[in-house]
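Heads up, protein_16.cif below (mmCIF, C-alpha atoms, pLDDT in the B column; chains and numbers go by the auth columns):
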data_final
loop_
_atom_site.group_PDB
_atom_site.id
_atom_site.type_symbol
_atom_site.label_atom_id
_atom_site.label_comp_id
_atom_site.label_asym_id
_atom_site.label_seq_id
_atom_site.Cartn_x
_atom_site.Cartn_y
_atom_site.Cartn_z
_atom_site.B_iso_or_equiv
_atom_site.auth_seq_id
_atom_site.auth_asym_id
ATOM 1 C CA GLU A 1 67.519 132.681 116.264 56.00 187 A
ATOM 2 C CA ALA A 2 65.563 130.226 114.129 63.00 188 A
ATOM 3 C CA ASP A 3 64.800 126.798 115.614 91.00 189 A
ATOM 4 C CA ILE A 4 65.396 124.611 112.602 96.00 190 A
ATOM 5 C CA TYR A 5 67.660 121.599 112.750 96.00 191 A
ATOM 6 C CA GLN A 6 69.285 119.321 110.226 98.00 192 A
ATOM 7 C CA THR A 7 71.001 115.977 110.726 97.00 193 A
ATOM 8 C CA PRO A 8 73.487 114.749 109.898 97.00 194 A
ATOM 9 C CA ARG A 9 75.664 117.827 109.326 96.00 195 A
ATOM 10 C CA TYR A 10 78.121 115.814 107.236 97.00 196 A
ATOM 11 C CA LEU A 11 77.647 112.494 105.459 97.00 197 A
ATOM 12 C CA VAL A 12 80.115 110.455 103.408 97.00 198 A
ATOM 13 C CA ILE A 13 78.534 107.455 101.749 97.00 199 A
ATOM 14 C CA GLY A 14 79.157 104.979 98.951 96.00 200 A
ATOM 15 C CA THR A 15 77.352 104.860 95.624 97.00 201 A
ATOM 16 C CA GLY A 16 74.049 102.980 95.655 96.00 202 A
ATOM 17 C CA LYS A 17 73.239 103.522 99.329 96.00 203 A
ATOM 18 C CA LYS A 18 69.876 104.833 100.487 97.00 204 A
ATOM 19 C CA ILE A 19 70.070 107.970 102.600 97.00 205 A
ATOM 20 C CA THR A 20 67.626 110.167 104.495 97.00 206 A
ATOM 21 C CA LEU A 21 68.448 113.740 105.461 98.00 207 A
ATOM 22 C CA GLU A 22 66.461 114.934 108.452 98.00 208 A
ATOM 23 C CA CYS A 23 64.972 118.400 108.963 98.00 209 A
ATOM 24 C CA SER A 24 62.923 119.530 111.939 98.00 210 A
ATOM 25 C CA GLN A 25 61.569 122.887 113.066 97.00 211 A
ATOM 26 C CA THR A 26 59.948 123.880 116.341 94.00 212 A
ATOM 27 C CA MET A 27 58.340 127.120 115.150 92.00 213 A
ATOM 28 C CA GLY A 28 55.063 125.523 114.019 91.00 214 A
ATOM 29 C CA HIS A 29 55.677 126.721 110.460 93.00 215 A
ATOM 30 C CA ASP A 30 53.403 125.293 107.792 92.00 216 A
ATOM 31 C CA LYS A 31 55.677 125.790 104.793 94.00 217 A
ATOM 32 C CA MET A 32 59.004 123.972 104.453 96.00 218 A
ATOM 33 C CA TYR A 33 61.604 123.837 101.697 96.00 219 A
ATOM 34 C CA TRP A 34 64.658 121.908 100.530 97.00 220 A
ATOM 35 C CA TYR A 35 67.412 123.636 98.571 96.00 221 A
ATOM 36 C CA GLN A 36 70.477 122.184 96.898 96.00 222 A
ATOM 37 C CA GLN A 37 73.590 124.379 96.906 95.00 223 A
ATOM 38 C CA ASP A 38 77.146 123.875 95.753 89.00 224 A
ATOM 39 C CA PRO A 39 79.455 125.716 98.216 78.00 225 A
ATOM 40 C CA GLY A 40 79.157 129.476 97.850 77.00 226 A
ATOM 41 C CA MET A 41 76.919 129.140 94.830 89.00 227 A
ATOM 42 C CA GLU A 42 73.282 129.904 94.115 92.00 228 A
ATOM 43 C CA LEU A 43 70.400 128.213 95.907 93.00 229 A
ATOM 44 C CA HIS A 44 68.287 125.762 93.886 93.00 230 A
ATOM 45 C CA LEU A 45 64.815 124.904 95.214 93.00 231 A
ATOM 46 C CA ILE A 46 64.217 121.147 94.841 95.00 232 A
ATOM 47 C CA HIS A 47 61.147 120.489 97.034 95.00 233 A
ATOM 48 C CA TYR A 48 58.620 122.370 99.143 95.00 234 A
ATOM 49 C CA SER A 49 55.547 121.671 101.220 95.00 235 A
ATOM 50 C CA TYR A 50 52.555 123.816 102.192 92.00 236 A
ATOM 51 C CA GLY A 51 51.754 121.619 105.185 93.00 237 A
ATOM 52 C CA VAL A 52 51.016 118.059 106.285 96.00 238 A
ATOM 53 C CA ASN A 53 50.542 115.662 103.355 96.00 239 A
ATOM 54 C CA SER A 54 51.578 118.364 100.846 95.00 240 A
ATOM 55 C CA THR A 55 54.742 117.961 98.740 96.00 241 A
ATOM 56 C CA GLU A 56 55.680 119.826 95.570 94.00 242 A
ATOM 57 C CA LYS A 57 58.669 119.747 93.231 93.00 243 A
ATOM 58 C CA GLY A 58 60.804 122.852 93.004 90.00 244 A
ATOM 59 C CA ASP A 59 62.526 124.601 90.131 85.00 245 A
ATOM 60 C CA LEU A 60 65.465 122.177 89.912 86.00 246 A
ATOM 61 C CA SER A 61 64.709 118.587 89.009 83.00 247 A
ATOM 62 C CA SER A 62 65.953 116.174 91.670 87.00 248 A
ATOM 63 C CA GLU A 63 65.985 112.402 92.069 90.00 249 A
ATOM 64 C CA SER A 64 65.264 112.824 95.764 94.00 250 A
ATOM 65 C CA THR A 65 61.845 112.472 97.364 95.00 251 A
ATOM 66 C CA VAL A 66 60.297 114.121 100.423 97.00 252 A
ATOM 67 C CA SER A 67 57.465 113.432 102.832 97.00 253 A
ATOM 68 C CA ARG A 68 55.497 115.582 105.283 97.00 254 A
ATOM 69 C CA ILE A 69 53.665 113.424 107.792 97.00 255 A
ATOM 70 C CA ARG A 70 54.115 115.851 110.672 96.00 256 A
ATOM 71 C CA THR A 71 54.181 119.643 110.613 96.00 257 A
ATOM 72 C CA GLU A 72 57.596 119.853 112.238 97.00 258 A
ATOM 73 C CA HIS A 73 59.368 117.211 110.165 97.00 259 A
ATOM 74 C CA PHE A 74 60.347 117.252 106.458 98.00 260 A
ATOM 75 C CA PRO A 75 62.831 114.490 105.584 98.00 261 A
ATOM 76 C CA LEU A 76 64.518 114.120 102.201 97.00 262 A
ATOM 77 C CA THR A 77 65.386 110.671 100.830 97.00 263 A
ATOM 78 C CA LEU A 78 67.703 109.473 98.096 95.00 264 A
ATOM 79 C CA GLU A 79 66.959 105.839 97.228 95.00 265 A
ATOM 80 C CA SER A 80 70.305 105.235 95.509 95.00 266 A
ATOM 81 C CA ALA A 81 73.018 107.823 96.043 95.00 267 A
ATOM 82 C CA ARG A 82 75.376 108.722 93.193 95.00 268 A
ATOM 83 C CA PRO A 83 78.470 110.963 93.020 96.00 269 A
ATOM 84 C CA SER A 84 76.360 113.552 91.123 94.00 270 A
ATOM 85 C CA HIS A 85 74.301 113.968 94.326 95.00 271 A
ATOM 86 C CA THR A 86 77.346 115.368 96.142 96.00 272 A
ATOM 87 C CA SER A 87 76.292 118.815 97.345 96.00 273 A
ATOM 88 C CA GLN A 88 75.035 120.799 100.314 96.00 274 A
ATOM 89 C CA TYR A 89 71.342 120.392 101.172 97.00 275 A
ATOM 90 C CA LEU A 90 69.619 123.215 103.037 97.00 276 A
ATOM 91 C CA CYS A 91 66.231 123.008 104.734 97.00 277 A
ATOM 92 C CA ALA A 92 64.120 126.098 105.443 96.00 278 A
ATOM 93 C CA SER A 93 60.698 126.954 106.831 95.00 279 A
ATOM 94 C CA SER A 94 58.306 129.898 106.797 93.00 280 A
ATOM 95 C CA GLY A 95 55.086 130.643 108.603 89.00 281 A
ATOM 96 C CA LYS A 96 52.439 133.183 109.465 84.00 282 A
ATOM 97 C CA LEU A 97 52.667 136.316 111.554 78.00 283 A
ATOM 98 C CA ALA A 98 49.335 137.361 113.090 81.00 284 A
ATOM 99 C CA GLY A 99 47.550 135.082 110.634 82.00 285 A
ATOM 100 C CA VAL A 100 49.301 136.482 107.539 81.00 286 A
ATOM 101 C CA TRP A 101 52.101 134.718 105.636 79.00 287 A
ATOM 102 C CA ASP A 102 55.309 136.373 106.760 79.00 288 A
ATOM 103 C CA GLY A 103 57.429 135.553 103.696 85.00 289 A
ATOM 104 C CA THR A 104 60.641 135.186 105.686 91.00 290 A
ATOM 105 C CA GLN A 105 62.402 131.843 105.328 94.00 291 A
ATOM 106 C CA TYR A 106 64.512 130.503 108.183 94.00 292 A
ATOM 107 C CA PHE A 107 67.315 128.153 107.221 96.00 293 A
ATOM 108 C CA GLY A 108 68.899 125.210 108.978 97.00 294 A
ATOM 109 C CA PRO A 109 72.687 124.728 109.085 96.00 295 A
ATOM 110 C CA GLY A 110 72.710 122.360 106.108 96.00 296 A
ATOM 111 C CA THR A 111 73.900 118.818 105.424 97.00 297 A
ATOM 112 C CA ARG A 112 77.061 118.354 103.382 96.00 298 A
ATOM 113 C CA LEU A 113 76.774 115.135 101.381 97.00 299 A
ATOM 114 C CA LEU A 114 79.698 113.418 99.696 97.00 300 A
ATOM 115 C CA VAL A 115 78.958 110.331 97.616 97.00 301 A
ATOM 116 C CA LEU A 116 81.993 108.272 96.703 96.00 302 A
ATOM 117 C CA GLY B 1 57.469 134.244 87.320 82.00 137 B
ATOM 118 C CA GLU B 2 59.855 136.440 89.266 88.00 138 B
ATOM 119 C CA ASN B 3 63.475 136.881 88.164 93.00 139 B
ATOM 120 C CA VAL B 4 66.092 138.426 90.468 96.00 140 B
ATOM 121 C CA GLU B 5 69.454 139.663 89.171 97.00 141 B
ATOM 122 C CA GLN B 6 72.251 140.381 91.673 97.00 142 B
ATOM 123 C CA HIS B 7 75.493 142.313 91.114 97.00 143 B
ATOM 124 C CA PRO B 8 78.392 142.094 91.535 97.00 144 B
ATOM 125 C CA SER B 9 79.133 138.386 91.897 96.00 145 B
ATOM 126 C CA THR B 10 82.338 139.216 93.814 97.00 146 B
ATOM 127 C CA LEU B 11 83.129 142.400 95.743 98.00 147 B
ATOM 128 C CA SER B 12 86.438 143.134 97.451 98.00 148 B
ATOM 129 C CA VAL B 13 86.702 146.187 99.725 98.00 149 B
ATOM 130 C CA GLN B 14 89.225 147.494 102.230 98.00 150 B
ATOM 131 C CA GLU B 15 88.345 147.098 105.873 98.00 151 B
ATOM 132 C CA GLY B 16 86.550 150.214 107.044 98.00 152 B
ATOM 133 C CA ASP B 17 85.202 151.097 103.597 98.00 153 B
ATOM 134 C CA SER B 18 81.573 150.723 102.506 98.00 154 B
ATOM 135 C CA ALA B 19 80.134 147.905 100.380 98.00 155 B
ATOM 136 C CA VAL B 20 77.066 148.073 98.160 98.00 156 B
ATOM 137 C CA ILE B 21 75.317 145.101 96.572 98.00 157 B
ATOM 138 C CA LYS B 22 72.514 145.676 94.067 98.00 158 B
ATOM 139 C CA CYS B 23 69.556 143.590 92.953 98.00 159 B
ATOM 140 C CA THR B 24 66.847 144.063 90.352 98.00 160 B
ATOM 141 C CA TYR B 25 63.575 142.175 90.117 96.00 161 B
ATOM 142 C CA SER B 26 61.051 141.681 87.334 95.00 162 B
ATOM 143 C CA ASP B 27 57.633 141.182 88.986 92.00 163 B
ATOM 144 C CA SER B 28 56.025 144.471 89.984 91.00 164 B
ATOM 145 C CA ALA B 29 53.737 142.530 92.367 90.00 165 B
ATOM 146 C CA SER B 30 56.715 141.638 94.594 92.00 166 B
ATOM 147 C CA ASN B 31 56.487 143.395 97.940 91.00 167 B
ATOM 148 C CA TYR B 32 58.965 141.673 100.261 92.00 168 B
ATOM 149 C CA PHE B 33 62.759 141.885 99.861 95.00 169 B
ATOM 150 C CA PRO B 34 65.006 140.101 102.379 96.00 170 B
ATOM 151 C CA TRP B 35 68.807 139.895 102.468 98.00 171 B
ATOM 152 C CA TYR B 36 70.643 136.829 103.728 97.00 172 B
ATOM 153 C CA LYS B 37 74.242 136.351 104.832 97.00 173 B
ATOM 154 C CA GLN B 38 75.847 132.938 104.481 96.00 174 B
ATOM 155 C CA GLU B 39 79.111 132.223 106.232 95.00 175 B
ATOM 156 C CA LEU B 40 81.302 129.280 105.329 91.00 176 B
ATOM 157 C CA GLY B 41 79.768 125.984 106.411 88.00 177 B
ATOM 158 C CA LYS B 42 76.503 127.541 107.601 92.00 178 B
ATOM 159 C CA GLY B 43 72.997 128.089 106.313 94.00 179 B
ATOM 160 C CA PRO B 44 71.874 131.554 105.119 96.00 180 B
ATOM 161 C CA GLN B 45 70.802 133.880 107.920 96.00 181 B
ATOM 162 C CA LEU B 46 68.375 136.774 107.508 96.00 182 B
ATOM 163 C CA ILE B 47 70.170 140.056 108.221 97.00 183 B
ATOM 164 C CA ILE B 48 67.645 142.672 107.109 97.00 184 B
ATOM 165 C CA ASP B 49 64.464 142.905 105.069 95.00 185 B
ATOM 166 C CA ILE B 50 62.240 145.580 103.598 94.00 186 B
ATOM 167 C CA ARG B 51 58.615 145.642 102.530 89.00 187 B
ATOM 168 C CA SER B 52 57.200 147.684 99.687 79.00 188 B
ATOM 169 C CA ASN B 53 55.671 150.385 101.860 79.00 189 B
ATOM 170 C CA VAL B 54 59.126 151.469 103.052 81.00 190 B
ATOM 171 C CA GLY B 55 61.925 153.078 100.995 92.00 191 B
ATOM 172 C CA GLU B 56 64.831 152.542 103.373 95.00 192 B
ATOM 173 C CA LYS B 57 65.559 150.555 106.500 95.00 193 B
ATOM 174 C CA LYS B 58 68.640 150.674 108.747 96.00 194 B
ATOM 175 C CA ASP B 59 70.060 148.373 111.383 95.00 195 B
ATOM 176 C CA GLN B 60 73.367 149.636 112.777 96.00 196 B
ATOM 177 C CA ARG B 61 75.933 149.326 109.959 97.00 197 B
ATOM 178 C CA ILE B 62 73.516 147.703 107.528 98.00 198 B
ATOM 179 C CA ALA B 63 70.884 149.454 105.411 98.00 199 B
ATOM 180 C CA VAL B 64 68.603 148.421 102.583 98.00 200 B
ATOM 181 C CA THR B 65 67.030 150.782 100.045 97.00 201 B
ATOM 182 C CA LEU B 66 64.133 150.025 97.742 96.00 202 B
ATOM 183 C CA ASN B 67 63.091 151.766 94.524 95.00 203 B
ATOM 184 C CA LYS B 68 59.792 150.232 93.417 92.00 204 B
ATOM 185 C CA THR B 69 59.538 152.365 90.295 92.00 205 B
ATOM 186 C CA ALA B 70 62.880 151.136 88.999 94.00 206 B
ATOM 187 C CA LYS B 71 62.384 147.673 90.548 95.00 207 B
ATOM 188 C CA HIS B 72 65.690 147.564 92.317 95.00 208 B
ATOM 189 C CA PHE B 73 66.911 147.300 95.887 97.00 209 B
ATOM 190 C CA SER B 74 70.362 147.519 97.434 98.00 210 B
ATOM 191 C CA LEU B 75 72.260 146.427 100.532 98.00 211 B
ATOM 192 C CA HIS B 76 74.675 148.934 102.062 98.00 212 B
ATOM 193 C CA ILE B 77 77.268 147.937 104.652 98.00 213 B
ATOM 194 C CA THR B 78 79.274 150.754 106.218 98.00 214 B
ATOM 195 C CA GLU B 79 82.562 150.550 108.164 98.00 215 B
ATOM 196 C CA THR B 80 83.149 147.001 106.949 98.00 216 B
ATOM 197 C CA GLN B 81 84.858 144.535 109.279 97.00 217 B
ATOM 198 C CA PRO B 82 86.545 141.164 108.654 96.00 218 B
ATOM 199 C CA GLU B 83 83.484 139.331 109.994 96.00 219 B
ATOM 200 C CA ASP B 84 81.419 140.840 107.174 98.00 220 B
ATOM 201 C CA SER B 85 83.218 138.519 104.737 97.00 221 B
ATOM 202 C CA ALA B 86 80.557 136.074 103.496 97.00 222 B
ATOM 203 C CA VAL B 87 78.196 135.352 100.620 97.00 223 B
ATOM 204 C CA TYR B 88 75.167 137.649 100.522 98.00 224 B
ATOM 205 C CA PHE B 89 71.886 136.740 98.807 98.00 225 B
ATOM 206 C CA CYS B 90 69.017 139.054 97.943 97.00 226 B
ATOM 207 C CA ALA B 91 65.519 137.716 97.372 96.00 227 B
ATOM 208 C CA ALA B 92 62.060 138.880 96.349 95.00 228 B
ATOM 209 C CA SER B 93 58.550 137.645 96.967 91.00 229 B
ATOM 210 C CA GLU B 94 54.916 138.604 96.400 83.00 230 B
ATOM 211 C CA GLY B 95 54.305 137.508 99.959 71.00 231 B
ATOM 212 C CA GLY B 96 51.377 135.267 100.669 65.00 232 B
ATOM 213 C CA ALA B 97 52.186 131.588 100.444 63.00 233 B
ATOM 214 C CA ASP B 98 54.640 132.083 97.579 70.00 234 B
ATOM 215 C CA GLY B 99 58.280 131.338 98.196 84.00 235 B
ATOM 216 C CA LEU B 100 61.288 133.560 97.689 91.00 236 B
ATOM 217 C CA THR B 101 63.173 134.013 94.422 92.00 237 B
ATOM 218 C CA PHE B 102 66.866 134.377 95.222 94.00 238 B
ATOM 219 C CA GLY B 103 69.650 136.191 93.421 96.00 239 B
ATOM 220 C CA LYS B 104 72.788 134.217 92.603 96.00 240 B
ATOM 221 C CA GLY B 105 74.784 135.668 95.491 97.00 241 B
ATOM 222 C CA THR B 106 77.691 138.065 96.037 97.00 242 B
ATOM 223 C CA HIS B 107 80.989 136.983 97.571 97.00 243 B
ATOM 224 C CA LEU B 108 82.043 139.905 99.784 98.00 244 B
ATOM 225 C CA ILE B 109 85.733 139.919 100.690 98.00 245 B
ATOM 226 C CA ILE B 110 87.004 142.365 103.308 97.00 246 B
ATOM 227 C CA GLN B 111 90.711 143.087 102.782 95.00 247 B
ATOM 228 C CA PRO B 112 92.677 143.874 105.983 91.00 248 B
#
For the structure just supplied, provide its representation as structure tokens.
Amino acid sequence: EADIYQTPRYLVIGTGKKITLECSQTMGHDKMYWYQQDPGMELHLIHYSYGVNSTEKGDLSSESTVSRIRTEHFPLTLESARPSHTSQYLCASSGKLAGVWDGTQYFGPGTRLLVL
Amino acid sequence: GENVEQHPSTLSVQEGDSAVIKCTYSDSASNYFPWYKQELGKGPQLIIDIRSNVGEKKDQRIAVTLNKTAKHFSLHITETQPEDSAVYFCAASEGGADGLTFGKGTHLIIQP
């Protein structure tokens, strides 16, 4: 079972508030990802990181920002939440197997965000 | 870049019957093909994967087949059970540091 954690699991917040979604993994993986997903729908990559101090934008444009100061931690921040940000946010990580990129992504349980 | 098409979007089968979900990909350089299962309220979980040097892989009731010439791969679930009801995602990757390209998902419904 993958050791990747997300907090909070559920968040209900008012418009205009600043929020940070936490993601941590204990597998020592270099690469981490954030996906946005409406329930039961396709996964949209919004951010990824190759390692410490690396952040890249994904395929879907997002008003959120990310940081990667430590290998195990990849938080996502929304400076001013809006109802259009209501969604599920999934964090994932991938690493190397015997020095070679494995390709497998391991997902956290997700954070369900509702902005009123 | 890679494009992954997944069919059907919804699949309803009787308990005990088999289910097949199919995916096609566009990039012939892709060599890693995982399948994920996502249950309600949870993150996707890897259930089986296949690499390009293998044509078929089995794990109990689940099997994946790969046809590199036709650029398609399929998930087969035999003797379906109620707990198989979930959304299933296929994905493809060239490996290396590149990420996965996901299909849009299949809602599998197991009818009692």
Find the residues around Ser221 in chain B up to 7 Å (all atoms listed in the file counted), leave out those fewer than 6 positions away in its own chain, and share them as an MDAnalysis selection string. chainID B and resid 244:246
For the file shown, what are the residues hit by the PyMOL selection byres ((chain B and resi 176-191) around 6), laid out as a VMD selection string? (chain A and resid 293 to 296) or (chain B and resid 167 to 175 192 201 to 202)
At a cut-off of 9 Å, list the chain A residues touching chain B, using all atoms listed in the file, as a PDB file with C-alpha atoms, in the coordinates of the input.
ATOM      1  CA  ALA A 188      65.563 130.226 114.129  1.00 63.00           C
ATOM      2  CA  LYS A 217      55.677 125.790 104.793  1.00 94.00           C
ATOM      3  CA  TYR A 219      61.604 123.837 101.697  1.00 96.00           C
ATOM      4  CA  PRO A 225      79.455 125.716  98.216  1.00 78.00           C
ATOM      5  CA  GLY A 226      79.157 129.476  97.850  1.00 77.00           C
ATOM      6  CA  MET A 227      76.919 129.140  94.830  1.00 89.00           C
ATOM      7  CA  GLU A 228      73.282 129.904  94.115  1.00 92.00           C
ATOM      8  CA  LEU A 229      70.400 128.213  95.907  1.00 93.00           C
ATOM      9  CA  HIS A 230      68.287 125.762  93.886  1.00 93.00           C
ATOM     10  CA  TYR A 236      52.555 123.816 102.192  1.00 92.00           C
ATOM     11  CA  LEU A 276      69.619 123.215 103.037  1.00 97.00           C
ATOM     12  CA  CYS A 277      66.231 123.008 104.734  1.00 97.00           C
ATOM     13  CA  SER A 280      58.306 129.898 106.797  1.00 93.00           C
ATOM     14  CA  GLY A 281      55.086 130.643 108.603  1.00 89.00           C
ATOM     15  CA  VAL A 286      49.301 136.482 107.539  1.00 81.00           C
ATOM     16  CA  TRP A 287      52.101 134.718 105.636  1.00 79.00           C
ATOM     17  CA  ASP A 288      55.309 136.373 106.760  1.00 79.00           C
ATOM     18  CA  GLY A 289      57.429 135.553 103.696  1.00 85.00           C
ATOM     19  CA  THR A 290      60.641 135.186 105.686  1.00 91.00           C
ATOM     20  CA  GLN A 291      62.402 131.843 105.328  1.00 94.00           C
ATOM     21  CA  TYR A 292      64.512 130.503 108.183  1.00 94.00           C
ATOM     22  CA  PHE A 293      67.315 128.153 107.221  1.00 96.00           C
ATOM     23  CA  GLY A 294      68.899 125.210 108.978  1.00 97.00           C
ATOM     24  CA  PRO A 295      72.687 124.728 109.085  1.00 96.00           C
ATOM     25  CA  GLY A 296      72.710 122.360 106.108  1.00 96.00           C
ATOM     26  CA  ARG A 298      77.061 118.354 103.382  1.00 96.00           C
TER      27      ARG A 298
END
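Running the PyMOL selection byres ((chain A and resi 214) around 8) on this file leaves Gln211, Thr212, Met213, His215, Asp216, Thr257, Glu258 and Gly281 of chain A selected.
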The PyMOL selection byres ((chain B and resi 142) around 7) applied to the shown file, residues as JSON, numbers by chain: {"B": [140, 141, 143, 144, 158, 159, 160, 239, 240, 241]}
Which residues come within 6 Å of Glu242 in chain A, counting only C-alpha atoms, excluding same-chain residues fewer than 4 positions away, as a PyMOL selection string? chain A and resi 233-235
Per-axis box centre and lengths in Å around range 277-280 of chain A, 8 Å margin per side, axis-aligned, as JSON:
{"center_x": 62.3, "center_y": 126.5, "center_z": 105.8, "size_x": 23.9, "size_y": 22.9, "size_z": 18.1}
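Going from CA of Ser248 in chain A to CA of Tyr221 in chain A covers 10.3 Å.
Interatomic distance, CA of Ser154 in chain B to CA of Cys226 in chain B: 17.7 Å.
Minimum atom-to-atom distances from B:Ile213, B:Val200, B:Ala206, B:Val149 to Ser164 in chain B were compared using only C-alpha atoms, and the lowest value belongs to B:Ala206.
Between CA of Asp163 in chain B and CA of Ala284 in chain A lies a distance of 25.8 Å.
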Mind checking which residues fall within 7 Å of Asp245 in chain A, counting only C-alpha atoms, ignoring those fewer than 2 positions away in the same chain, and posting them as a count of residues only? 5
